[in-house]
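See below for the structure under consideration.
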Amino acid sequence: MIPARYGATRFPGKLMQDLAGKTVILRTYEATRDTELFDEVYVVTDSDVIYQEIVSNGGQAIMSQKQHECGSDRIAEAVQDMDVDIVVNVQGDEPFTSKGSLEKVLKVFENDHENLIDLASIMTEIDDWKEISDPNCVKVIVDEEDFAMYFSRSPVPYPRDKNVSVQYYKHKGVYAFRKKALMDFYRLPMRSLEATEKIESIRYLEYGHRIKMVVSNAEGIEIDTPEDLVRANKVLKEGVESMTVNNKYRNFPMVPKVVFGAGCFDQLQSILTPERKANAPFIFLVDDVFRDRSDLVDRIPLRFNDQLQFVSADEEPKTSQVDQIVGDIRSEFKITPSGIIGIGGGTILDLCKAVAIMLNNQGSAADYQGWDLVGNQAVYHVGIPTISGTGAEVSRTTVLTGPEKKLGINSDFTPFDQVVLDPDLTKGVPTDQWFYTGMDCFIHCVESLSGSFLNTFSESYGEKAYDLCKEIFLNGDLSDEESRSKLMMASWHGGMSIAYSQVGVAHAMSYGLSYVLGTKHGIGNCIVFDHLEEYYPEGVALFKEMKKKHKIELPTGLCQDLSPQQFDIMMDIALSLHPLWENALGPNWEQIMTREKLRELYLKM
Ligand code: NAD
Ligand code: ZN
């Protein structure tokens, strides 16, 4: 429902202003309808002019019967006799309302099995003091679970101590209600906090209701002033990309806590204790290879109803496997676990991240493969690598093979809350495997350092990891202990390097191999990289030296017996990874990496 009042106080008639050839209200209506998220979209208005504008352009509009103080009352009147479940209030003056943010606010209800949430709304991170102190910008503060504590036009919280870092949030005027909640609130008398701030959402708080806030940084332009209109016109004429202010530089999360050192695994119990919630177990997902290794298993601090599950790393993680583990945990424990602890290589770490996400998000893991599709924070999760190289311990992704694609769940909620880096845990890794996983790190560096997305942030991490790899795999005068420690840090730095850039040709092709043949990531990268001297001359030359030094034999003839269909699927999977190719070959990559060229490369393998 899009409430639309003709006579806005600050900018009268703004909804009927021209925005690159269409009125503001019609653009808002069409943008909302085109998200295809809703069964019905209506404009609810007191104005004949707005009503005609929508209806004459093929839209649906409703005239409100009564005078209303606020938009929610207007839509409450409109839906009172409709059979609806969730009602979303989209502001008429937000023609750029994005599908992503509406999707996020709807997802809140999917996960609310016990109907605890009456309404949800959106907030956006803001950092500019001018905006924070601007009374036209409504700020919101939230509790630990993102429930709103207060909305204000004043800067809240007040930054008395400038050294405490806080994130300020701006409230976006999008609400999603259960119908019952909307009807309950309808015409509740206004109280004084709302009256003085002139902020409608305060009313719900004043009556003791909880508003779940969802962060969405896809910021469009709200048409509040004539200047906004000028800006919006410019954006529409110059292309929509320039609109999302937060897209210019990536703002990505890092692992907030990490402990490093031989033997630090024994600190696990003291690390977990403060995170333990009453009756809620920790679930330990441990690589099956440790099943008989009491030197590790006996040190896992199982308490109360904690659960240890051994998981095989013979195959790379699948979305169906994640769904299975999540389903089992949900049916065994009525309560959400205190945390998920992954102990193993990239396979187990990725599973752990995905399970932690899916415990708080509805549906299948396959629904979230892609960039920023996750709506709710993951359960607390800890990564403890036992083999080094993938960088999965720091990365913002969890790579999964789904029914249709091999793609990560790349989101702000993916990274671990805690990582335990104990080089001793990597003792006992077989030499071949040590090499393959270690080379994943080396290849990450080569691909990141030679990519077009490189910036100084990535470069500084990538160079360090690259040098460490050379020391470990070529120089050969390190003790085992030094070598384990250095490789563990190389993996970390390699992961950080691609966090702000991307991988490239070897990874794209190796994903294709893995999808069709089940070739594992580490060895798959090596098989591909061995033939990529045309793209990475220096890196491939070094790789060949390392391979020779450690007497590694790679399989050959992998693609010889593939059927034409298998070949096509393999190429489709590889070519679908646009950011990887663009990083490696630049914006015109499609002209360089044609299907023929790709086939030729694969046939060498
Ligand atoms: P892995 O987890 O598949 O483990 C490889 C083998 O080593 C397994 O057989 C495992 O049982 C064994 N192993 C692990 N630790 C051992 C130990 N201490 N002693 C003896 N054996 C041990 O291998 P990996 O190369 O670490 O991970 C590959 C996976 O990581 C792939 O699924 C890939 O998609 C993923 N990956 C993820 C990211 C990311 O950013 N999320 C990045 C790169 C790779
Ligand atoms: Zn990799």
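If you're wondering about the labels, chains in the structure tokens are A, B, ... by order shown, residues count from 1 in each chain, ligands from 1 in order shown.
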Within 6 Å of ligand 1, which residues show up when you count only C-alpha atoms and all ligand atoms? List them as number ranges by chain, please.
A: 287, 289, 313-314, 316-317, 344-348, 350, 386-387, 390-392, 395, 397-399, 425-429, 433, 437, 521-522
Can you check which parts of segment 475-565 of chain A lie within 9 Å of segment 464-471 of chain A? Per residue, the shortest pair of atoms and distance in Å to one decimal, counting only C-alpha atoms, sorted by chain and number, as JSON lines.
```
{"residue": "A:Asn475", "atom": "CA", "partner": "A:Glu471", "partner_atom": "CA", "distance": 5.0}
{"residue": "A:Gly476", "atom": "CA", "partner": "A:Glu471", "partner_atom": "CA", "distance": 7.0}
{"residue": "A:Asp477", "atom": "CA", "partner": "A:Glu471", "partner_atom": "CA", "distance": 8.3}
{"residue": "A:Leu478", "atom": "CA", "partner": "A:Glu471", "partner_atom": "CA", "distance": 8.0}
{"residue": "A:Ser483", "atom": "CA", "partner": "A:Glu471", "partner_atom": "CA", "distance": 8.5}
{"residue": "A:Lys486", "atom": "CA", "partner": "A:Leu468", "partner_atom": "CA", "distance": 6.5}
{"residue": "A:Leu487", "atom": "CA", "partner": "A:Cys469", "partner_atom": "CA", "distance": 7.0}
{"residue": "A:Met489", "atom": "CA", "partner": "A:Ala465", "partner_atom": "CA", "distance": 7.5}
{"residue": "A:Ala490", "atom": "CA", "partner": "A:Ala465", "partner_atom": "CA", "distance": 4.4}
{"residue": "A:Ser491", "atom": "CA", "partner": "A:Ala465", "partner_atom": "CA", "distance": 7.1}
{"residue": "A:Trp492", "atom": "CA", "partner": "A:Ala465", "partner_atom": "CA", "distance": 8.0}
{"residue": "A:His493", "atom": "CA", "partner": "A:Ala465", "partner_atom": "CA", "distance": 5.4}
{"residue": "A:Gly494", "atom": "CA", "partner": "A:Ala465", "partner_atom": "CA", "distance": 5.5}
{"residue": "A:Ser497", "atom": "CA", "partner": "A:Ala465", "partner_atom": "CA", "distance": 8.5}
{"residue": "A:Leu542", "atom": "CA", "partner": "A:Lys470", "partner_atom": "CA", "distance": 8.4}
{"residue": "A:Met546", "atom": "CA", "partner": "A:Lys470", "partner_atom": "CA", "distance": 8.6}
```
Go through A:Lys604, A:His507, A:Lys520, A:Arg396 and flag the residue nearest ligand 2, using only C-alpha atoms and all ligand atoms for the distances.
A:His507
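Near segment 356-372 of chain A, within 6 Å and counting only C-alpha atoms, sit A:Asn111, A:Thr319, A:Lys353, A:Ala378, A:Val379, A:Gly402, A:Leu407, A:Gly408, A:Ile409, A:Asn410, A:Ser411; same-chain residues fewer than 3 positions away were not included.
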Find the spatial neighbours of Phe38 of chain A, counting only C-alpha atoms, within a cut-off of 12 Å - ignore same-chain residues fewer than 3 positions away - and output them as a ChimeraX atom specification.
/A:1,29,31-35,41-42,84-90,99,102-103,106,176
Can those selected residues be exported to a file as a tab-separated table (two decimals), in the first residue's frame so that it contains N, CA, C and O atoms?
```
chain	number	residue	atom	x	y	z
A	1	MET	N	0.84	-1.17	0.00
A	1	MET	CA	0.00	0.00	0.00
A	1	MET	C	0.89	1.23	0.00
A	1	MET	O	1.81	1.34	0.80
A	29	TYR	N	4.78	3.85	-7.72
A	29	TYR	CA	3.83	2.75	-7.91
A	29	TYR	C	4.44	1.67	-8.82
A	29	TYR	O	4.44	0.49	-8.51
A	31	ALA	N	7.58	1.13	-9.64
A	31	ALA	CA	8.76	0.47	-9.07
A	31	ALA	C	8.34	-0.61	-8.08
A	31	ALA	O	8.90	-1.71	-8.04
A	32	THR	N	7.32	-0.30	-7.28
A	32	THR	CA	6.85	-1.25	-6.27
A	32	THR	C	6.24	-2.48	-6.95
A	32	THR	O	6.55	-3.62	-6.62
A	33	ARG	N	5.37	-2.21	-7.92
A	33	ARG	CA	4.72	-3.31	-8.64
A	33	ARG	C	5.76	-4.18	-9.35
A	33	ARG	O	5.70	-5.41	-9.33
A	34	ASP	N	6.77	-3.55	-9.94
A	34	ASP	CA	7.75	-4.30	-10.73
A	34	ASP	C	8.70	-5.15	-9.89
A	34	ASP	O	9.46	-5.95	-10.43
A	35	THR	N	8.66	-4.99	-8.57
A	35	THR	CA	9.47	-5.90	-7.75
A	35	THR	C	8.90	-7.31	-7.78
A	35	THR	O	9.59	-8.27	-7.46
A	41	VAL	N	-0.75	-4.22	-5.44
A	41	VAL	CA	-0.18	-2.93	-5.05
A	41	VAL	C	-1.24	-1.84	-5.27
A	41	VAL	O	-1.84	-1.80	-6.35
A	42	TYR	N	-1.48	-1.02	-4.26
A	42	TYR	CA	-2.44	0.07	-4.36
A	42	TYR	C	-1.82	1.38	-3.90
A	42	TYR	O	-1.03	1.38	-2.95
A	84	VAL	N	-5.99	-10.01	3.87
A	84	VAL	CA	-4.55	-9.96	3.66
A	84	VAL	C	-3.81	-10.44	4.90
A	84	VAL	O	-4.35	-10.46	6.00
A	85	ASP	N	-2.56	-10.79	4.67
A	85	ASP	CA	-1.73	-11.36	5.72
A	85	ASP	C	-0.72	-10.30	6.16
A	85	ASP	O	-0.75	-9.82	7.29
A	86	ILE	N	0.12	-9.89	5.24
A	86	ILE	CA	1.13	-8.87	5.53
A	86	ILE	C	0.84	-7.64	4.67
A	86	ILE	O	0.59	-7.77	3.47
A	87	VAL	N	0.89	-6.49	5.28
A	87	VAL	CA	0.69	-5.24	4.55
A	87	VAL	C	1.98	-4.44	4.62
A	87	VAL	O	2.53	-4.23	5.70
A	88	VAL	N	2.47	-4.02	3.48
A	88	VAL	CA	3.69	-3.22	3.46
A	88	VAL	C	3.33	-1.80	3.06
A	88	VAL	O	2.63	-1.58	2.07
A	89	ASN	N	3.82	-0.86	3.84
A	89	ASN	CA	3.58	0.55	3.60
A	89	ASN	C	4.82	1.13	2.90
A	89	ASN	O	5.88	1.24	3.50
A	90	VAL	N	4.67	1.44	1.62
A	90	VAL	CA	5.78	2.04	0.87
A	90	VAL	C	5.48	3.52	0.73
A	90	VAL	O	4.37	3.90	0.35
A	99	LYS	N	14.03	-3.36	-4.64
A	99	LYS	CA	13.50	-4.69	-4.41
A	99	LYS	C	14.22	-5.35	-3.24
A	99	LYS	O	13.59	-5.98	-2.39
A	102	LEU	N	12.87	-4.22	0.16
A	102	LEU	CA	11.51	-4.74	0.42
A	102	LEU	C	11.56	-6.24	0.70
A	102	LEU	O	10.85	-6.76	1.56
A	103	GLU	N	12.43	-6.91	-0.02
A	103	GLU	CA	12.58	-8.35	0.18
A	103	GLU	C	13.06	-8.64	1.60
A	103	GLU	O	12.57	-9.54	2.27
A	106	LEU	N	10.33	-8.23	4.17
A	106	LEU	CA	9.35	-9.33	4.13
A	106	LEU	C	9.91	-10.62	4.74
A	106	LEU	O	9.20	-11.38	5.37
A	176	ALA	N	6.39	-2.93	7.34
A	176	ALA	CA	5.60	-4.11	7.00
A	176	ALA	C	4.88	-4.54	8.27
A	176	ALA	O	5.51	-4.68	9.32
```
Just list as a VMD selection string whatever in segment 196-394 of chain A DSSP marks as strand (DSSP E).
chain A and resid 211 to 215 257 to 260 282 to 287 307 to 311 339 to 344 370 to 371 381 to 385
Mind the document's chain letters and residue numbers, and return as JSON, numbers by chain the residues of segment 46-240 of chain A that DSSP labels helix (DSSP H, G or I).
{"A": [48, 49, 50, 51, 52, 53, 54, 55, 71, 72, 73, 74, 75, 76, 77, 78, 79, 99, 100, 101, 102, 103, 104, 105, 106, 107, 108, 109, 110, 129, 130, 131, 132, 179, 180, 181, 182, 183, 184, 185, 192, 193, 194, 195, 196, 197, 201, 202, 203, 204, 205, 206, 226, 227, 228, 229, 230, 231, 232, 233, 234, 235, 236, 237, 238, 240]}
Selected residue, from A:Glu482, A:Glu393, A:Asp572, A:Glu125, that lies nearest to ligand 2 when counting only C-alpha atoms and all ligand atoms
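For ligand 2, the nearest of the candidates is A:Glu393.
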Between A:His381, A:Arg74, A:Arg231, A:His444, which residue has the minimum interatomic distance to ligand 2, considering only C-alpha atoms and all ligand atoms?
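Answer, going by the shortest atom-to-atom distance: A:His444.
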